>>> print(open('coords09.cif').read())   # mmCIF, C-alpha atoms
data_run
loop_
_atom_site.label_atom_id
_atom_site.label_comp_id
_atom_site.auth_asym_id
_atom_site.auth_seq_id
_atom_site.Cartn_x
_atom_site.Cartn_y
_atom_site.Cartn_z
CA MET D 1 -29.90 -31.11 48.44
CA LYS D 2 -29.31 -28.99 51.53
CA LEU D 3 -25.94 -28.33 53.14
CA ASN D 4 -25.14 -30.50 56.14
CA ASN D 5 -23.55 -28.95 59.22
CA THR D 6 -20.04 -30.03 58.25
CA GLN D 7 -20.34 -28.52 54.77
CA LEU D 8 -21.80 -25.31 56.17
CA SER D 9 -18.87 -24.88 58.58
CA GLN D 10 -16.38 -25.73 55.78
CA ILE D 11 -17.84 -23.05 53.50
CA ASN D 12 -17.87 -20.57 56.35
CA ALA D 13 -14.18 -21.29 56.95
CA GLN D 14 -13.49 -20.78 53.22
CA ILE D 15 -15.26 -17.41 53.24
CA LYS D 16 -13.40 -16.19 56.31
CA ARG D 17 -10.09 -17.22 54.73
CA ILE D 18 -10.91 -15.62 51.36
CA VAL D 19 -11.95 -12.32 52.96
CA LYS D 20 -8.52 -12.02 54.61
CA THR D 21 -6.72 -12.23 51.26
CA ASP D 22 -6.09 -9.58 48.65
CA SER D 23 -7.42 -11.92 45.95
CA TYR D 24 -10.15 -11.10 43.43
CA TYR D 25 -12.82 -12.73 45.59
CA GLY D 26 -11.33 -11.36 48.81
CA LYS D 27 -11.84 -7.81 47.50
CA LEU D 28 -15.29 -8.65 46.09
CA TYR D 29 -16.53 -10.16 49.35
CA ARG D 30 -15.23 -7.22 51.40
CA GLU D 31 -16.96 -4.78 49.03
CA LYS D 32 -20.24 -6.67 49.46
CA GLY D 33 -19.82 -6.92 53.22
CA ILE D 34 -19.74 -10.73 53.19
CA THR D 35 -17.94 -12.10 56.24
CA GLU D 36 -19.69 -15.37 57.13
CA ILE D 37 -22.77 -17.55 56.64
CA ASN D 38 -24.77 -19.49 59.18
CA THR D 39 -27.72 -20.96 57.27
CA GLN D 40 -28.75 -22.40 53.89
CA THR D 41 -30.51 -19.11 53.16
CA ASP D 42 -27.30 -17.19 53.88
CA PHE D 43 -25.43 -19.49 51.50
CA GLU D 44 -28.00 -19.10 48.71
CA SER D 45 -27.71 -15.32 48.99
CA LEU D 46 -23.98 -15.44 48.16
CA PRO D 47 -23.05 -14.21 44.66
CA PHE D 48 -22.27 -16.75 41.96
CA SER D 49 -18.73 -17.06 40.65
CA SER D 50 -18.10 -17.58 36.94
CA LYS D 51 -15.50 -18.17 34.28
CA ASP D 52 -15.73 -14.45 33.44
CA ASP D 53 -14.54 -13.69 36.98
CA LEU D 54 -11.55 -15.96 36.48
CA ARG D 55 -10.70 -14.27 33.19
CA ASN D 56 -11.03 -10.85 34.83
CA ALA D 57 -8.64 -12.06 37.54
CA TYR D 58 -6.10 -13.35 34.98
CA PRO D 59 -3.47 -14.61 35.55
CA LEU D 60 -3.42 -15.39 39.29
CA GLY D 61 -5.91 -12.99 40.83
CA ILE D 62 -7.97 -15.78 42.40
CA GLN D 63 -4.96 -17.22 44.25
CA ALA D 64 -5.85 -17.35 47.95
CA VAL D 65 -2.49 -18.45 49.43
CA PRO D 66 1.09 -17.10 49.22
CA ASP D 67 3.22 -18.03 46.20
CA GLU D 68 5.42 -20.33 48.29
CA ASP D 69 2.39 -22.58 48.93
CA ILE D 70 1.63 -23.08 45.22
CA VAL D 71 3.17 -26.19 43.66
CA ARG D 72 1.41 -26.32 40.28
CA ILE D 73 -0.90 -24.48 37.91
CA HIS D 74 -3.38 -25.79 35.36
CA SER D 75 -5.30 -23.97 32.70
CA SER D 76 -8.35 -24.27 30.51
CA SER D 77 -7.93 -24.24 26.74
CA GLY D 78 -8.83 -20.56 26.38
CA THR D 79 -10.63 -21.18 23.06
CA THR D 80 -13.30 -18.58 23.87
CA GLY D 81 -11.18 -15.80 25.34
CA LYS D 82 -8.40 -15.49 27.92
CA PRO D 83 -7.40 -18.83 29.41
CA VAL D 84 -8.35 -19.57 33.00
CA ILE D 85 -5.38 -20.32 35.27
CA ILE D 86 -5.93 -22.32 38.45
CA PRO D 87 -3.20 -22.56 41.13
CA TYR D 88 -2.91 -25.68 43.33
CA THR D 89 -1.29 -26.28 46.71
CA ALA D 90 0.31 -29.63 47.62
CA LYS D 91 -2.85 -30.52 49.55
CA ASP D 92 -5.03 -29.64 46.54
CA VAL D 93 -2.96 -31.96 44.34
CA ASP D 94 -3.20 -34.78 46.88
CA ASP D 95 -6.94 -34.25 47.50
CA TRP D 96 -7.52 -34.46 43.74
CA ALA D 97 -5.54 -37.72 43.51
CA VAL D 98 -7.57 -39.16 46.42
CA MET D 99 -10.82 -38.27 44.64
CA PHE D 100 -9.55 -39.73 41.36
CA ALA D 101 -8.47 -42.99 43.01
CA ARG D 102 -11.97 -43.15 44.51
CA CYS D 103 -13.36 -42.83 40.96
CA TYR D 104 -11.29 -45.79 39.78
CA GLU D 105 -12.41 -47.85 42.78
CA THR D 106 -16.05 -47.00 42.08
CA ALA D 107 -15.55 -48.36 38.55
CA GLY D 108 -14.18 -51.61 40.00
CA ILE D 109 -10.61 -50.82 38.91
CA THR D 110 -7.85 -52.13 41.20
CA ASN D 111 -4.06 -52.00 41.60
CA LYS D 112 -3.85 -55.06 39.34
CA ASP D 113 -5.12 -53.06 36.35
CA ARG D 114 -3.05 -51.49 33.59
CA ILE D 115 -4.50 -48.08 32.75
CA GLN D 116 -3.76 -46.58 29.33
CA ILE D 117 -4.09 -42.79 29.60
CA THR D 118 -4.86 -41.03 26.29
CA PRO D 119 -6.03 -37.52 27.37
CA GLY D 120 -3.57 -34.65 27.01
CA TYR D 121 -0.87 -33.67 29.49
CA GLY D 122 0.61 -30.24 30.15
CA LEU D 123 -1.58 -27.34 31.26
CA TRP D 124 -4.74 -29.38 30.68
CA THR D 125 -5.92 -31.18 33.84
CA ALA D 126 -6.91 -34.46 32.18
CA GLY D 127 -3.78 -36.55 31.58
CA ILE D 128 -2.00 -35.78 34.85
CA GLY D 129 -5.26 -36.21 36.79
CA PHE D 130 -5.84 -39.68 35.38
CA GLN D 131 -2.22 -40.55 36.13
CA ALA D 132 -2.15 -39.21 39.70
CA GLY D 133 -5.30 -41.15 40.55
CA CYS D 134 -3.83 -44.26 38.97
CA GLU D 135 -0.65 -43.96 41.04
CA LYS D 136 -2.61 -43.24 44.23
CA LEU D 137 -4.59 -46.43 43.54
CA GLY D 138 -1.35 -48.33 42.92
CA ALA D 139 -2.26 -49.43 39.40
CA MET D 140 0.11 -49.42 36.41
CA ALA D 141 -0.10 -46.13 34.50
CA ILE D 142 0.61 -46.18 30.75
CA PRO D 143 0.90 -42.41 30.11
CA MET D 144 0.42 -42.25 26.34
CA GLY D 145 -1.20 -38.83 26.00
CA PRO D 146 -3.24 -38.00 22.87
CA GLY D 147 -2.72 -38.99 19.26
CA ASN D 148 -0.35 -41.42 17.54
CA THR D 149 -3.08 -44.04 17.19
CA GLU D 150 -0.58 -46.56 15.76
CA LYS D 151 1.48 -46.39 18.96
CA GLN D 152 -1.66 -46.44 21.13
CA LEU D 153 -2.77 -49.72 19.57
CA GLN D 154 0.72 -51.23 19.79
CA MET D 155 0.97 -50.45 23.51
CA MET D 156 -2.59 -51.66 24.08
CA VAL D 157 -1.65 -55.04 22.59
CA ASP D 158 1.92 -55.36 23.87
CA LEU D 159 1.20 -54.21 27.44
CA GLN D 160 -2.23 -55.84 27.56
CA SER D 161 -3.92 -52.69 28.89
CA THR D 162 -7.09 -53.47 30.85
CA VAL D 163 -8.48 -49.92 31.17
CA ILE D 164 -8.65 -47.12 28.59
CA THR D 165 -9.16 -43.49 29.61
CA ALA D 166 -10.20 -41.07 26.87
CA THR D 167 -12.60 -38.49 25.55
CA SER D 168 -15.60 -40.16 23.93
CA SER D 169 -14.43 -38.88 20.53
CA TYR D 170 -11.05 -40.59 20.85
CA ALA D 171 -12.55 -43.75 22.32
CA LEU D 172 -14.76 -43.95 19.22
CA LEU D 173 -11.76 -43.45 16.94
CA LEU D 174 -9.84 -46.26 18.69
CA SER D 175 -12.90 -48.50 18.57
CA GLU D 176 -13.29 -47.97 14.83
CA GLU D 177 -9.60 -48.60 14.19
CA ILE D 178 -9.64 -51.85 16.20
CA THR D 179 -12.70 -53.05 14.28
CA LYS D 180 -11.19 -52.03 10.93
CA ARG D 181 -7.97 -53.94 11.69
CA SER D 182 -9.76 -56.98 13.20
CA MET D 183 -7.72 -56.56 16.39
CA LYS D 184 -10.43 -57.20 18.95
CA ASP D 185 -9.08 -60.64 19.88
CA GLN D 186 -5.64 -59.11 20.54
CA ILE D 187 -6.69 -56.60 23.18
CA ARG D 188 -7.56 -57.21 26.83
CA LEU D 189 -9.50 -54.05 27.66
CA LYS D 190 -12.23 -54.52 30.28
CA LYS D 191 -13.25 -51.00 31.19
CA GLY D 192 -13.27 -47.49 29.77
CA VAL D 193 -13.30 -44.30 31.84
CA ILE D 194 -14.63 -41.62 29.52
CA GLY D 195 -15.01 -37.89 30.08
CA SER D 196 -14.59 -34.32 28.83
CA GLU D 197 -17.68 -34.09 26.59
CA ARG D 198 -21.31 -35.12 26.35
CA TRP D 199 -21.87 -38.28 24.27
CA SER D 200 -25.02 -39.78 22.84
CA GLU D 201 -26.38 -43.23 23.65
CA LYS D 202 -25.64 -44.30 20.06
CA MET D 203 -22.00 -43.26 20.43
CA ARG D 204 -21.81 -45.02 23.80
CA GLU D 205 -23.11 -48.25 22.29
CA SER D 206 -20.66 -48.04 19.36
CA ILE D 207 -17.72 -47.73 21.77
CA ARG D 208 -19.05 -50.42 24.11
CA GLN D 209 -19.50 -52.90 21.26
CA GLY D 210 -16.34 -51.94 19.36
CA LEU D 211 -14.04 -52.30 22.36
CA GLY D 212 -16.05 -54.92 24.26
CA ILE D 213 -15.83 -52.98 27.53
CA GLU D 214 -17.84 -51.57 30.43
CA LEU D 215 -18.08 -47.76 30.24
CA TYR D 216 -17.92 -45.26 33.08
CA ASP D 217 -18.68 -41.53 32.82
CA ILE D 218 -16.20 -39.39 34.75
CA TYR D 219 -16.98 -35.79 35.62
CA GLY D 220 -14.89 -32.73 36.34
CA LEU D 221 -13.71 -29.35 35.11
CA THR D 222 -10.45 -27.43 35.27
CA GLU D 223 -11.83 -24.79 37.62
CA ILE D 224 -12.84 -27.45 40.20
CA TYR D 225 -9.65 -29.60 40.44
CA GLY D 226 -10.22 -31.31 37.04
CA PRO D 227 -11.76 -34.67 36.09
CA GLY D 228 -12.31 -36.99 39.04
CA ILE D 229 -14.88 -35.17 41.17
CA GLY D 230 -17.54 -37.71 40.21
CA ILE D 231 -18.07 -40.96 38.28
CA SER D 232 -20.81 -43.42 37.37
CA CYS D 233 -20.91 -46.89 38.95
CA GLN D 234 -21.76 -50.28 37.45
CA HIS D 235 -25.50 -49.56 37.76
CA GLU D 236 -25.25 -46.69 35.23
CA CYS D 237 -27.79 -44.55 37.07
CA GLY D 238 -25.98 -41.25 37.41
CA MET D 239 -22.58 -40.18 38.70
CA HIS D 240 -21.56 -40.28 42.36
CA TYR D 241 -19.78 -37.11 43.45
CA TRP D 242 -17.54 -36.59 46.46
CA ASP D 243 -19.53 -34.37 48.80
CA ASP D 244 -16.70 -34.28 51.35
CA TYR D 245 -14.75 -32.17 48.82
CA ILE D 246 -17.47 -30.35 46.82
CA TYR D 247 -21.04 -29.20 47.33
CA ILE D 248 -23.36 -29.30 44.30
CA GLU D 249 -26.57 -27.36 43.85
CA ILE D 250 -28.78 -27.28 40.76
CA ILE D 251 -30.20 -23.93 39.71
CA ASP D 252 -32.58 -22.61 37.08
CA PRO D 253 -30.08 -21.15 34.56
CA VAL D 254 -32.39 -18.20 33.83
CA THR D 255 -33.52 -17.17 37.33
CA GLY D 256 -30.49 -18.43 39.27
CA LYS D 257 -32.82 -19.94 41.88
CA PRO D 258 -32.18 -23.48 43.23
CA VAL D 259 -34.54 -26.14 41.86
CA PRO D 260 -35.86 -29.17 43.79
CA ASP D 261 -33.86 -32.42 43.77
CA GLY D 262 -34.74 -34.43 40.68
CA GLU D 263 -35.39 -31.36 38.55
CA GLU D 264 -33.04 -30.48 35.70
CA GLY D 265 -30.97 -27.32 35.73
CA GLU D 266 -27.43 -25.94 35.78
CA ILE D 267 -24.77 -27.47 38.05
CA VAL D 268 -23.24 -24.99 40.51
CA ILE D 269 -20.23 -26.19 42.52
CA THR D 270 -18.66 -24.97 45.76
CA THR D 271 -15.23 -26.27 46.80
CA LEU D 272 -15.23 -27.19 50.49
CA VAL D 273 -11.52 -27.55 51.27
CA LYS D 274 -9.65 -26.26 48.21
CA GLU D 275 -6.77 -23.97 49.19
CA GLY D 276 -5.06 -22.51 46.11
CA ALA D 277 -8.17 -21.30 44.28
CA PRO D 278 -11.32 -21.86 46.35
CA LEU D 279 -14.54 -21.23 44.44
CA ILE D 280 -17.95 -20.62 45.95
CA ARG D 281 -21.13 -21.13 43.90
CA PHE D 282 -19.26 -21.57 40.60
CA ARG D 283 -21.60 -21.74 37.60
CA THR D 284 -20.48 -24.61 35.37
CA HIS D 285 -23.15 -24.24 32.62
CA ASP D 286 -23.41 -28.06 32.63
CA ILE D 287 -27.01 -29.28 32.61
CA SER D 288 -27.97 -32.16 34.91
CA ARG D 289 -30.06 -32.95 37.99
CA ILE D 290 -29.54 -34.38 41.45
CA ILE D 291 -30.85 -37.95 41.60
CA PRO D 292 -32.75 -38.40 44.87
CA GLY D 293 -32.34 -41.51 47.03
CA GLU D 294 -29.57 -44.05 47.45
CA CYS D 295 -27.95 -45.99 44.61
CA ALA D 296 -28.32 -49.74 44.24
CA CYS D 297 -24.52 -50.03 44.46
CA GLY D 298 -24.72 -49.13 48.17
CA SER D 299 -22.56 -45.99 47.96
CA LYS D 300 -23.68 -43.23 50.30
CA TYR D 301 -22.23 -40.54 48.03
CA PRO D 302 -24.95 -38.47 46.28
CA ARG D 303 -25.51 -38.60 42.54
CA ILE D 304 -26.05 -36.27 39.63
CA ASP D 305 -27.36 -37.48 36.28
CA ILE D 306 -25.01 -37.75 33.31
CA ILE D 307 -24.47 -34.36 31.67
CA LYS D 308 -27.27 -33.54 29.22
CA GLY D 309 -25.50 -30.61 27.59
CA ARG D 310 -24.51 -27.05 28.41
CA SER D 311 -26.71 -24.02 28.94
CA ASP D 312 -24.31 -22.04 26.71
CA ASP D 313 -24.41 -24.64 23.90
CA MET D 314 -27.74 -23.32 22.68
CA PHE D 315 -27.89 -21.94 19.15
CA LYS D 316 -30.78 -20.24 17.35
CA VAL D 317 -31.87 -20.59 13.72
CA HIS D 318 -35.04 -18.97 12.33
CA GLY D 319 -36.04 -18.03 15.86
CA VAL D 320 -35.87 -21.65 17.10
CA ASN D 321 -33.61 -22.48 20.07
CA MET D 322 -31.71 -25.75 19.72
CA PHE D 323 -29.15 -27.81 21.65
CA PRO D 324 -26.80 -30.50 20.25
CA SER D 325 -28.43 -32.98 22.65
CA GLN D 326 -31.76 -32.57 20.81
CA ILE D 327 -30.11 -33.49 17.52
CA GLU D 328 -28.40 -36.52 19.09
CA ASP D 329 -31.71 -37.71 20.56
CA LEU D 330 -33.37 -37.28 17.18
CA LEU D 331 -30.69 -39.19 15.25
CA GLN D 332 -30.25 -42.12 17.62
CA ASN D 333 -33.44 -43.84 16.45
CA VAL D 334 -32.78 -43.48 12.72
CA ASP D 335 -31.82 -46.83 11.20
CA GLY D 336 -28.28 -47.07 9.83
CA VAL D 337 -27.15 -43.67 11.10
CA SER D 338 -23.90 -43.48 13.11
CA SER D 339 -23.32 -41.30 16.17
CA GLU D 340 -21.29 -38.80 14.14
CA TYR D 341 -22.78 -35.62 12.71
CA ASN D 342 -22.04 -31.94 12.35
CA VAL D 343 -24.08 -28.80 11.92
CA THR D 344 -23.02 -25.83 9.80
CA ILE D 345 -24.90 -22.54 10.04
CA ALA D 346 -24.33 -19.51 7.83
CA HIS D 347 -26.20 -16.45 6.60
CA ASP D 348 -27.03 -16.23 2.89
CA ASP D 349 -26.82 -12.50 2.13
CA GLU D 350 -28.53 -12.86 -1.27
CA ILE D 351 -31.77 -14.13 0.22
CA ASN D 352 -31.13 -12.58 3.67
CA LYS D 353 -31.77 -15.90 5.37
CA ASP D 354 -29.92 -18.23 7.74
CA ILE D 355 -29.01 -21.62 6.26
CA MET D 356 -28.52 -24.74 8.41
CA ILE D 357 -26.85 -27.84 6.97
CA VAL D 358 -26.76 -31.07 8.96
CA THR D 359 -24.25 -33.67 7.78
CA VAL D 360 -24.87 -37.19 9.06
CA GLU D 361 -23.02 -40.47 8.55
CA ALA D 362 -24.97 -43.56 7.47
CA GLU D 363 -24.14 -47.18 6.69
CA GLY D 364 -23.95 -48.24 3.05
CA ARG D 365 -26.85 -50.68 3.46
CA VAL D 366 -29.42 -47.86 3.80
CA ASN D 367 -30.78 -45.61 1.07
CA PHE D 368 -29.15 -42.21 1.60
CA GLU D 369 -31.96 -40.25 -0.05
CA ASN D 370 -34.68 -41.88 2.04
CA THR D 371 -32.58 -41.48 5.22
CA ALA D 372 -32.18 -37.76 4.50
CA LYS D 373 -35.95 -37.43 4.06
CA THR D 374 -36.56 -39.25 7.37
CA ILE D 375 -34.15 -36.98 9.25
CA LYS D 376 -35.58 -33.84 7.65
CA GLU D 377 -39.10 -34.87 8.67
CA LEU D 378 -37.95 -35.56 12.25
CA PHE D 379 -36.41 -32.08 12.45
CA ARG D 380 -39.61 -30.54 11.12
CA SER D 381 -41.92 -32.43 13.48
CA ARG D 382 -39.79 -32.38 16.65
CA ILE D 383 -37.80 -29.13 16.47
CA SER D 384 -39.95 -27.09 14.04
CA ILE D 385 -37.16 -26.36 11.62
CA THR D 386 -36.27 -27.89 8.23
CA PRO D 387 -32.50 -27.92 7.62
CA LYS D 388 -30.66 -29.16 4.55
CA ILE D 389 -29.57 -32.77 5.19
CA THR D 390 -26.42 -34.31 3.72
CA ILE D 391 -25.77 -38.02 4.17
CA VAL D 392 -22.18 -39.31 3.88
CA PRO D 393 -20.67 -42.80 4.37
CA VAL D 394 -19.58 -43.90 7.87
CA GLY D 395 -16.03 -42.72 8.55
CA THR D 396 -16.29 -39.59 6.37
CA LEU D 397 -16.55 -36.99 9.13
CA PRO D 398 -13.29 -36.18 10.97
CA ARG D 399 -12.54 -38.02 14.22
CA SER D 400 -10.98 -36.09 17.07
CA GLU D 401 -8.40 -36.91 19.72
CA LYS D 402 -9.96 -34.29 21.98
CA LYS D 403 -13.48 -32.88 22.06
CA THR D 404 -15.43 -32.94 18.81
CA LYS D 405 -16.90 -29.60 17.72
CA ARG D 406 -20.38 -30.46 16.46
CA VAL D 407 -21.77 -27.02 15.61
CA ILE D 408 -19.93 -24.49 13.46
CA ASP D 409 -21.73 -21.15 13.25
CA TYR D 410 -20.22 -18.88 10.61
CA ARG D 411 -22.69 -16.08 11.40
CA TYR D 412 -20.58 -14.99 14.37
CA GLN D 413 -17.07 -15.52 13.03
#
>>> encode(input="coords09.cif", output="structure tokens")
Amino acid sequence: MKLNNTQLSQINAQIKRIVKTDSYYGKLYREKGITEINTQTDFESLPFSSKDDLRNAYPLGIQAVPDEDIVRIHSSSGTTGKPVIIPYTAKDVDDWAVMFARCYETAGITNKDRIQITPGYGLWTAGIGFQAGCEKLGAMAIPMGPGNTEKQLQMMVDLQSTVITATSSYALLLSEEITKRSMKDQIRLKKGVIGSERWSEKMRESIRQGLGIELYDIYGLTEIYGPGIGISCQHECGMHYWDDYIYIEIIDPVTGKPVPDGEEGEIVITTLVKEGAPLIRFRTHDISRIIPGECACGSKYPRIDIIKGRSDDMFKVHGVNMFPSQIEDLLQNVDGVSSEYNVTIAHDDEINKDIMIVTVEAEGRVNFENTAKTIKELFRSRISITPKITIVPVGTLPRSEKKTKRVIDYRYQ
């Protein structure tokens, strides 16, 4: 999808503003002699920005406005190195709330809804983003934050929440608890706005059935405002994103070259009007594609497909490259298997060989031994590797209030 004239002039304005600052990117652009762009080709010749840049600029090296203009900071979790800190101006905060309210509206949520917010607050962008959008919409916010499932269920019943916002892992946990306690007739949930991690179709169906709700995928990342820069509509054919605030291109993650619309690759995002920490050509590592054409819902906003995984999620065993999404696709058609699994990889020094163990949940009605054989054969035929398979009863694997870590690789710890 090519830049329109408005977007081109917005990016040009961002570059000119960045170059005048003493920020990390201001210095970088001056060193490279970048002062402006005038065409799509000029834009595609600009260097990518990355999370490594933001870590190198820690704590506030990417700030592009004076301190007195900054009203808030947010941060990524920092689980894989230095945390990333993103400063926001008052306009950034308001723009984000406008985008988030637009997400709720796209999901058919109105100011008559009661929105129970379970993602975390604090430095993380999720909880406060969901709340700001809710308040901008004029709906009732129920700011629970994560955990305390007993209290979550009590508030859900007592306040008759109509919308739940959560990670898919926590939505699954709530769904299972409601089913276990036979509480479905006590809740009034109609919709779920789910984000933060990729989720399989089997997991989606479990949540949809368990809670009896419509599900909407919300997209975002800390570096680019936070969640709320895109959401799916009722037609479930991709996520609309707000191209008056961000420009999305899809690139080949290996070559860095843009790919044609409709082709899968890595999402790269440019902020068009962000003030505190503008980012140009930021590599997200999220894998998706631009969906060509207009959506049946009538929205003119462009769409990307739901996130298929991450280019940096790949792991290698016995020379075979694998992604969690491949395992999810493989498991979703196995009878009696739940959406929950984990993969453990370690090196056996005695035999000098990598060992991969896949633990999968299955319903009690199926034969565990036969199910393990089926899964092992699917791995062998589809992925060309034969792991050890362990089958455990449904509910055995830990449920998470945040993102679920599916692959644990002890070879690099």
>>> closest_residue(input="coords09.cif", among="D:Glu105, D:Glu266, D:Glu328, D:Glu361", to="Tyr216 in chain D", atoms="all atoms listed in the file")
D:Glu105
>>> residues_around(input="coords09.cif", residues="Gly319 in chain D", least_positions_apart="6", cutoff="12 Å", atoms="all atoms listed in the file", output="PDB file with C-alpha atoms, in the frame of the given file")
ATOM      1  CA  LYS D 353     -31.770 -15.900   5.370  1.00  0.00           C
ATOM      2  CA  ASP D 354     -29.920 -18.230   7.740  1.00  0.00           C
ATOM      3  CA  ILE D 383     -37.800 -29.130  16.470  1.00  0.00           C
ATOM      4  CA  SER D 384     -39.950 -27.090  14.040  1.00  0.00           C
ATOM      5  CA  ILE D 385     -37.160 -26.360  11.620  1.00  0.00           C
TER       6      ILE D 385
END
>>> atom_distance(input="coords09.cif", atom1="CA of Gly33 in chain D", atom2="CA of Asn5 in chain D")
23.1 Å
>>> resolve_selection(input="coords09.cif", expression="the PyMOL selection byres ((chain D and resi 247-263) around 7)", output="ChimeraX atom specification")
/D:1,243,246,264-272,289-292
>>> residues_around(input="coords09.cif", residues="Leu378 in chain D", least_positions_apart="2", cutoff="12 Å", atoms="only C-alpha atoms", output="tab-separated table (two decimals) with C-alpha atoms, in the coordinates of the input")
chain	number	residue	atom	x	y	z
D	326	GLN	CA	-31.76	-32.57	20.81
D	327	ILE	CA	-30.11	-33.49	17.52
D	328	GLU	CA	-28.40	-36.52	19.09
D	329	ASP	CA	-31.71	-37.71	20.56
D	330	LEU	CA	-33.37	-37.28	17.18
D	331	LEU	CA	-30.69	-39.19	15.25
D	332	GLN	CA	-30.25	-42.12	17.62
D	333	ASN	CA	-33.44	-43.84	16.45
D	334	VAL	CA	-32.78	-43.48	12.72
D	371	THR	CA	-32.58	-41.48	5.22
D	372	ALA	CA	-32.18	-37.76	4.50
D	373	LYS	CA	-35.95	-37.43	4.06
D	374	THR	CA	-36.56	-39.25	7.37
D	375	ILE	CA	-34.15	-36.98	9.25
D	376	LYS	CA	-35.58	-33.84	7.65
D	380	ARG	CA	-39.61	-30.54	11.12
D	381	SER	CA	-41.92	-32.43	13.48
D	382	ARG	CA	-39.79	-32.38	16.65
D	383	ILE	CA	-37.80	-29.13	16.47
D	384	SER	CA	-39.95	-27.09	14.04
D	385	ILE	CA	-37.16	-26.36	11.62
D	386	THR	CA	-36.27	-27.89	8.23
D	387	PRO	CA	-32.50	-27.92	7.62
D	389	ILE	CA	-29.57	-32.77	5.19
>>> resolve_selection(input="coords09.cif", expression="the PyMOL selection byres ((chain D and resi 176) around 9)", output="PyMOL selection string")
chain D and resi 171-175+177-181+206-207+210-211+395
>>> atom_distance(input="coords09.cif", atom1="CA of Tyr24 in chain D", atom2="CA of Arg281 in chain D")
14.9 Å
>>> resolve_selection(input="coords09.cif", expression="the PyMOL selection byres ((chain D and resi 87) around 10)", output="PyMOL selection string")
chain D and resi 59-65+67+69-75+85-86+88-89+92-93+223+225+275-278
>>> atom_distance(input="coords09.cif", atom1="CA of Val343 in chain D", atom2="CA of Val392 in chain D")
13.4 Å
>>> closest_residue(input="coords09.cif", among="D:Thr344, D:Thr125, D:Gln116, D:Asn148", to="Thr165 in chain D", atoms="only C-alpha atoms")
D:Gln116
>>> residues_around(input="coords09.cif", residues="Phe315 in chain D", least_positions_apart="3", cutoff="12 Å", atoms="only C-alpha atoms", output="JSON list (two decimals) with C-alpha atoms, in the frame of the given file")
[["chain", "number", "residue", "atom", "x", "y", "z"],
["D", 310, "ARG", "CA", -24.51, -27.05, 28.41],
["D", 311, "SER", "CA", -26.71, -24.02, 28.94],
["D", 312, "ASP", "CA", -24.31, -22.04, 26.71],
["D", 318, "HIS", "CA", -35.04, -18.97, 12.33],
["D", 319, "GLY", "CA", -36.04, -18.03, 15.86],
["D", 320, "VAL", "CA", -35.87, -21.65, 17.10],
["D", 321, "ASN", "CA", -33.61, -22.48, 20.07],
["D", 322, "MET", "CA", -31.71, -25.75, 19.72],
["D", 323, "PHE", "CA", -29.15, -27.81, 21.65],
["D", 324, "PRO", "CA", -26.80, -30.50, 20.25],
["D", 325, "SER", "CA", -28.43, -32.98, 22.65],
["D", 326, "GLN", "CA", -31.76, -32.57, 20.81],
["D", 327, "ILE", "CA", -30.11, -33.49, 17.52],
["D", 343, "VAL", "CA", -24.08, -28.80, 11.92],
["D", 344, "THR", "CA", -23.02, -25.83, 9.80],
["D", 345, "ILE", "CA", -24.90, -22.54, 10.04],
["D", 356, "MET", "CA", -28.52, -24.74, 8.41],
["D", 406, "ARG", "CA", -20.38, -30.46, 16.46],
["D", 407, "VAL", "CA", -21.77, -27.02, 15.61],
["D", 408, "ILE", "CA", -19.93, -24.49, 13.46],
["D", 409, "ASP", "CA", -21.73, -21.15, 13.25],
["D", 410, "TYR", "CA", -20.22, -18.88, 10.61],
["D", 411, "ARG", "CA", -22.69, -16.08, 11.40],
["D", 412, "TYR", "CA", -20.58, -14.99, 14.37]]
>>> residues_around(input="coords09.cif", residues="Lys20 in chain D", least_positions_apart="4", cutoff="9 Å", atoms="only C-alpha atoms", output="list in words")
Ile15, Lys16, Gly26, Lys27, Arg30 and Ala64 of chain D
>>> write_last_selection(input="coords09.cif", atoms="C-alpha atoms", output="PDB file, keeping the file's coordinate frame")
ATOM      1  CA  ILE D  15     -15.260 -17.410  53.240  1.00  0.00           C
ATOM      2  CA  LYS D  16     -13.400 -16.190  56.310  1.00  0.00           C
ATOM      3  CA  GLY D  26     -11.330 -11.360  48.810  1.00  0.00           C
ATOM      4  CA  LYS D  27     -11.840  -7.810  47.500  1.00  0.00           C
ATOM      5  CA  ARG D  30     -15.230  -7.220  51.400  1.00  0.00           C
ATOM      6  CA  ALA D  64      -5.850 -17.350  47.950  1.00  0.00           C
TER       7      ALA D  64
END
>>> closest_residue(input="coords09.cif", among="D:Asp348, D:Asp158, D:Glu369, D:Asp113", to="Lys190 in chain D", atoms="all atoms listed in the file")
D:Asp113
>>> closest_residue(input="coords09.cif", among="D:Asp244, D:Asp53, D:Asp349, D:Glu150", to="Lys82 in chain D", atoms="all atoms listed in the file")
D:Asp53
>>> closest_residue(input="coords09.cif", among="D:Met155, D:Val163, D:Val84, D:Ile187", to="Thr110 in chain D", atoms="only C-alpha atoms")
D:Val163
>>> residues_near_point(input="coords09.cif", point="(-2.7, -40.5, 29.0)", cutoff="9 Å", atoms="only C-alpha atoms", output="list in words")
Ile115, Gln116, Ile117, Thr118, Pro119, Gly120, Tyr121, Ala126, Gly127, Ile128, Phe130, Gln131, Ala141, Ile142, Pro143, Met144, Gly145, Pro146, Ile164, Thr165 and Ala166 of chain D
>>> residues_around(input="coords09.cif", residues="Ser168 in chain D", least_positions_apart="5", cutoff="12 Å", atoms="all atoms listed in the file", output="ChimeraX atom specification")
/D:118-119,173-175,192-208,215-218,339-340,399-404
>>> axis_aligned_box(input="coords09.cif", around="range 184-188 of chain D", padding_each_side="4 Å", output="JSON")
{"center_x": -8.0, "center_y": -58.6, "center_z": 22.9, "size_x": 12.8, "size_y": 12.0, "size_z": 15.9}
